[in-house]
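Student: Structure in structure tokens, see below.
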Amino acid sequence: MSQTIPVDVLILGGGIQGVTLMRQLIPEYSVILADDELGDAESLHFHGYFSSGWNAANPQAAEIYRTAAQHWHKELANSGVNSRITDFHAALTPDFLKTVEGNWAGAAIPSEEVELPEIFDPDGLPPNRRFRFPDDLVFDGAAAYLSVSEPMRKHIYSGRLASFQLAGSGIEQVTLDIGGRSCEVRPELVISACGAGNAEVIRQLGVAEEQVQNAQLVRPLHMLLARGPNIPPVSAFLIDLIVMYHPLEGGEGLWILTLNPEVPKFKAGVVDMRIPPEIENDLLCASFKRLSSAMVAFEAWAQGCQWSVYAGWKTDAPGPDGDLLVQLEYPTPYQLDDFGLQNFLAVWPNHWGLAANVAEDAGKWVRTKLKSCHPQPGADSGLPPGPGIGHPIENRWQSQELNWQSWEGFARKVGYHD
């Protein structure tokens, strides 16, 4: 019979949310974290931009994002991760400004009205005013993730959840598959920090299907990628198109172009996050159309770049409308739910800007439930040695495996015609 390993807290999910929560708890509690795709979490597909001003859709959200900006400024400064790759400029519509300007003032979020960089043509956009936010962050998500997770790597395991064993209204035992080996863990508390992947976790707990569906709200995400020596070191939000700059080796730069279109809407339901969505050429063409309308001499510039695309999933927490990330009309931009279980908590989405806030709230929940009962599992616990986060971690949109193409070939492939 296999050994059962006691632990105070088991965290399922190794993205930025899981490791941030683990770091907060591990001084007080014994904690282990398991994830079957370490180094490939959805949060590592992050484009590298975090704004307090852009997300301030209501007073509570504004305060949450302002606090998060302060946290990450301090975090990145202490870790030595570059958090000022470029400034970020935002073109905002009058209707949007009516919603957010009062929230900026209420949350003391600094803003400056400025002109867009010369490469952009503001007259090619709908009516707008342009701003920058001094507390905005632009950084390398992979480097920041490593700085948070590395000190805890020996307690982070590459493995997947196999099953739960319930007793009454709580979880008694969890079976993990770690490196092909079945490990029985008896946690006092279980936290699912799997972002939108929470849906599959709570389904195993026998939760009502409607609640399972609402625990995962997703829509396809397409990141259009351009690289080359002529990529302007500029980042911007152009009404509905995010333009993110990252430096590459050899004097090249990278632009990540992410459209926030009105369609497709977020949909509730269980999606296997490991399987990317089909690439939708209409979304890529819409991205090109927005960029060409807002950029000076777009066609000549595009011919000097190599092009590719990454398709993944954009996720969000439940709210009252069907277009959550765009409207942000719900008061708290993240969700914590125990689903009626005494020793289980699900937190989502897995989001850089919210990780510290969610970890603080989840940490308060842990402290109301538990005083440390067990020592940190060691080499004699029965857990196989974990690889932790020791292997290289890379954002997918910077992967060397991407299929880069010339402008003519890529535009023809996706059906774009100026």
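Residue numbering restarts at 1 for every chain of the structure tokens, chains are lettered A, B, ... in their displayed order, and ligands are numbered from 1 as they appear.
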For Asp140 in chain A, list every protein, DNA or RNA residue within 8 Å, evaluated using only C-alpha atoms, and leave out those in the same chain fewer than 5 positions away; present the list as a compact mmCIF listing (two decimals) with N, CA, C and O atoms, in the first residue's frame.
Tutor:
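Saved as around.txt:
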```txt
# COMPACT_ATOMS: atom_id res chain seq x y z
N GLY A 48 2.74 40.88 -21.30
CA GLY A 48 3.75 41.64 -20.58
C GLY A 48 3.37 43.06 -20.24
O GLY A 48 4.23 43.89 -19.95
N VAL A 81 14.09 42.21 -12.36
CA VAL A 81 13.43 42.06 -13.66
C VAL A 81 13.11 43.44 -14.23
O VAL A 81 12.57 44.29 -13.53
N ASN A 82 13.43 43.65 -15.50
CA ASN A 82 13.19 44.93 -16.14
C ASN A 82 11.69 45.19 -16.27
O ASN A 82 10.98 44.46 -16.95
N SER A 83 11.21 46.25 -15.62
CA SER A 83 9.78 46.56 -15.68
C SER A 83 9.50 47.84 -16.47
O SER A 83 8.41 48.37 -16.41
N HIS A 246 8.66 44.09 -27.24
CA HIS A 246 9.68 43.40 -26.44
C HIS A 246 10.97 43.34 -27.25
O HIS A 246 10.95 43.04 -28.45
```
Student: Residues at most 6 Å from Asn350 in chain A, counting only C-alpha atoms, excluding those fewer than 2 positions away in the same chain, as JSON, numbers by chain?
Tutor: {"A": [17, 195, 348]}
Student: So that I can check the surroundings of Ala302 in chain A, please list as a list in words every protein, DNA and RNA residue that reaches within 10 Å of it, counting only C-alpha atoms and ignoring chain neighbours fewer than 6 positions away.
Tutor: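 Once the adjacent positions are removed, what remains is Ala226, Arg227, Gly228, Asn230, Ile231, Phe288, Ser292, Ser406, Trp407, Glu408 and Ala411 of chain A.
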Student: If we count only C-alpha atoms, what is near Ser111 in chain A at a cut-off of 8 Å, once residues fewer than 3 positions away on the same chain are taken out, given as a PyMOL selection string?
Tutor: chain A and resi 53+104+131-134
Student: Just want the 9 Å neighbourhood of Pro122 in chain A, counted on only C-alpha atoms, with same-chain residues fewer than 2 positions away dropped. Output as a ChimeraX atom specification.
Tutor: /A:91,115-116,120,124-130,238,293-295
Student: Please, could you write that set of residues out with C-alpha atoms as a PDB file, in the first residue's frame?
Tutor:
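So result-v4.pdb came out as:
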```pdb
ATOM      1  CA  ALA A  91      -6.068  55.971 -26.915  1.00  0.00           C
ATOM      2  CA  GLU A 115       0.277  62.604 -27.772  1.00  0.00           C
ATOM      3  CA  LEU A 116       0.667  59.204 -29.379  1.00  0.00           C
ATOM      4  CA  PHE A 120       0.675  56.272 -35.079  1.00  0.00           C
ATOM      5  CA  GLY A 124      -7.174  57.074 -38.257  1.00  0.00           C
ATOM      6  CA  LEU A 125      -8.920  56.023 -35.044  1.00  0.00           C
ATOM      7  CA  PRO A 126     -12.411  56.794 -33.740  1.00  0.00           C
ATOM      8  CA  PRO A 127     -12.587  59.982 -31.594  1.00  0.00           C
ATOM      9  CA  ASN A 128     -10.195  59.552 -28.691  1.00  0.00           C
ATOM     10  CA  ARG A 129      -7.950  61.186 -26.115  1.00  0.00           C
ATOM     11  CA  ARG A 130      -4.492  59.841 -25.393  1.00  0.00           C
ATOM     12  CA  LEU A 238      -5.416  51.702 -29.769  1.00  0.00           C
ATOM     13  CA  SER A 293      -5.784  52.533 -39.894  1.00  0.00           C
ATOM     14  CA  ALA A 294      -3.766  53.769 -36.923  1.00  0.00           C
ATOM     15  CA  MET A 295      -0.219  53.482 -38.259  1.00  0.00           C
TER      16      MET A 295
END
```
Student: Just want the 6 Å neighbourhood of range 175-182 of chain A, counted on only C-alpha atoms, with same-chain residues fewer than 2 positions away dropped. Output as a list in words.
Tutor: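 Listing them by chain and then by number gives Gly159, Arg160, Leu161, Ala162, Ser163 and Glu184 of chain A.
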Student: Nearest to Asp136 in chain A: which of A:Ala236, A:Met273, A:Val7, A:Ala362 is it, counting only C-alpha atoms?
Tutor: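 Residue with the minimum atom-to-atom distance to Asp136 in chain A: A:Ala236.
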Student: Find the residues of range 262-373 of chain A that sit at most 7 Å from range 165-172 of chain A; for each, write down the nearest two atoms and how far apart they are in Å, to one decimal. Count only C-alpha atoms. Sort by chain, then by number going up, and give it as CSV.
Tutor:
```
residue,atom,partner,partner_atom,distance
A:Leu341,CA,A:Ser169,CA,5.2
A:Gln342,CA,A:Gly170,CA,5.1
A:Asn343,CA,A:Gly170,CA,5.6
```
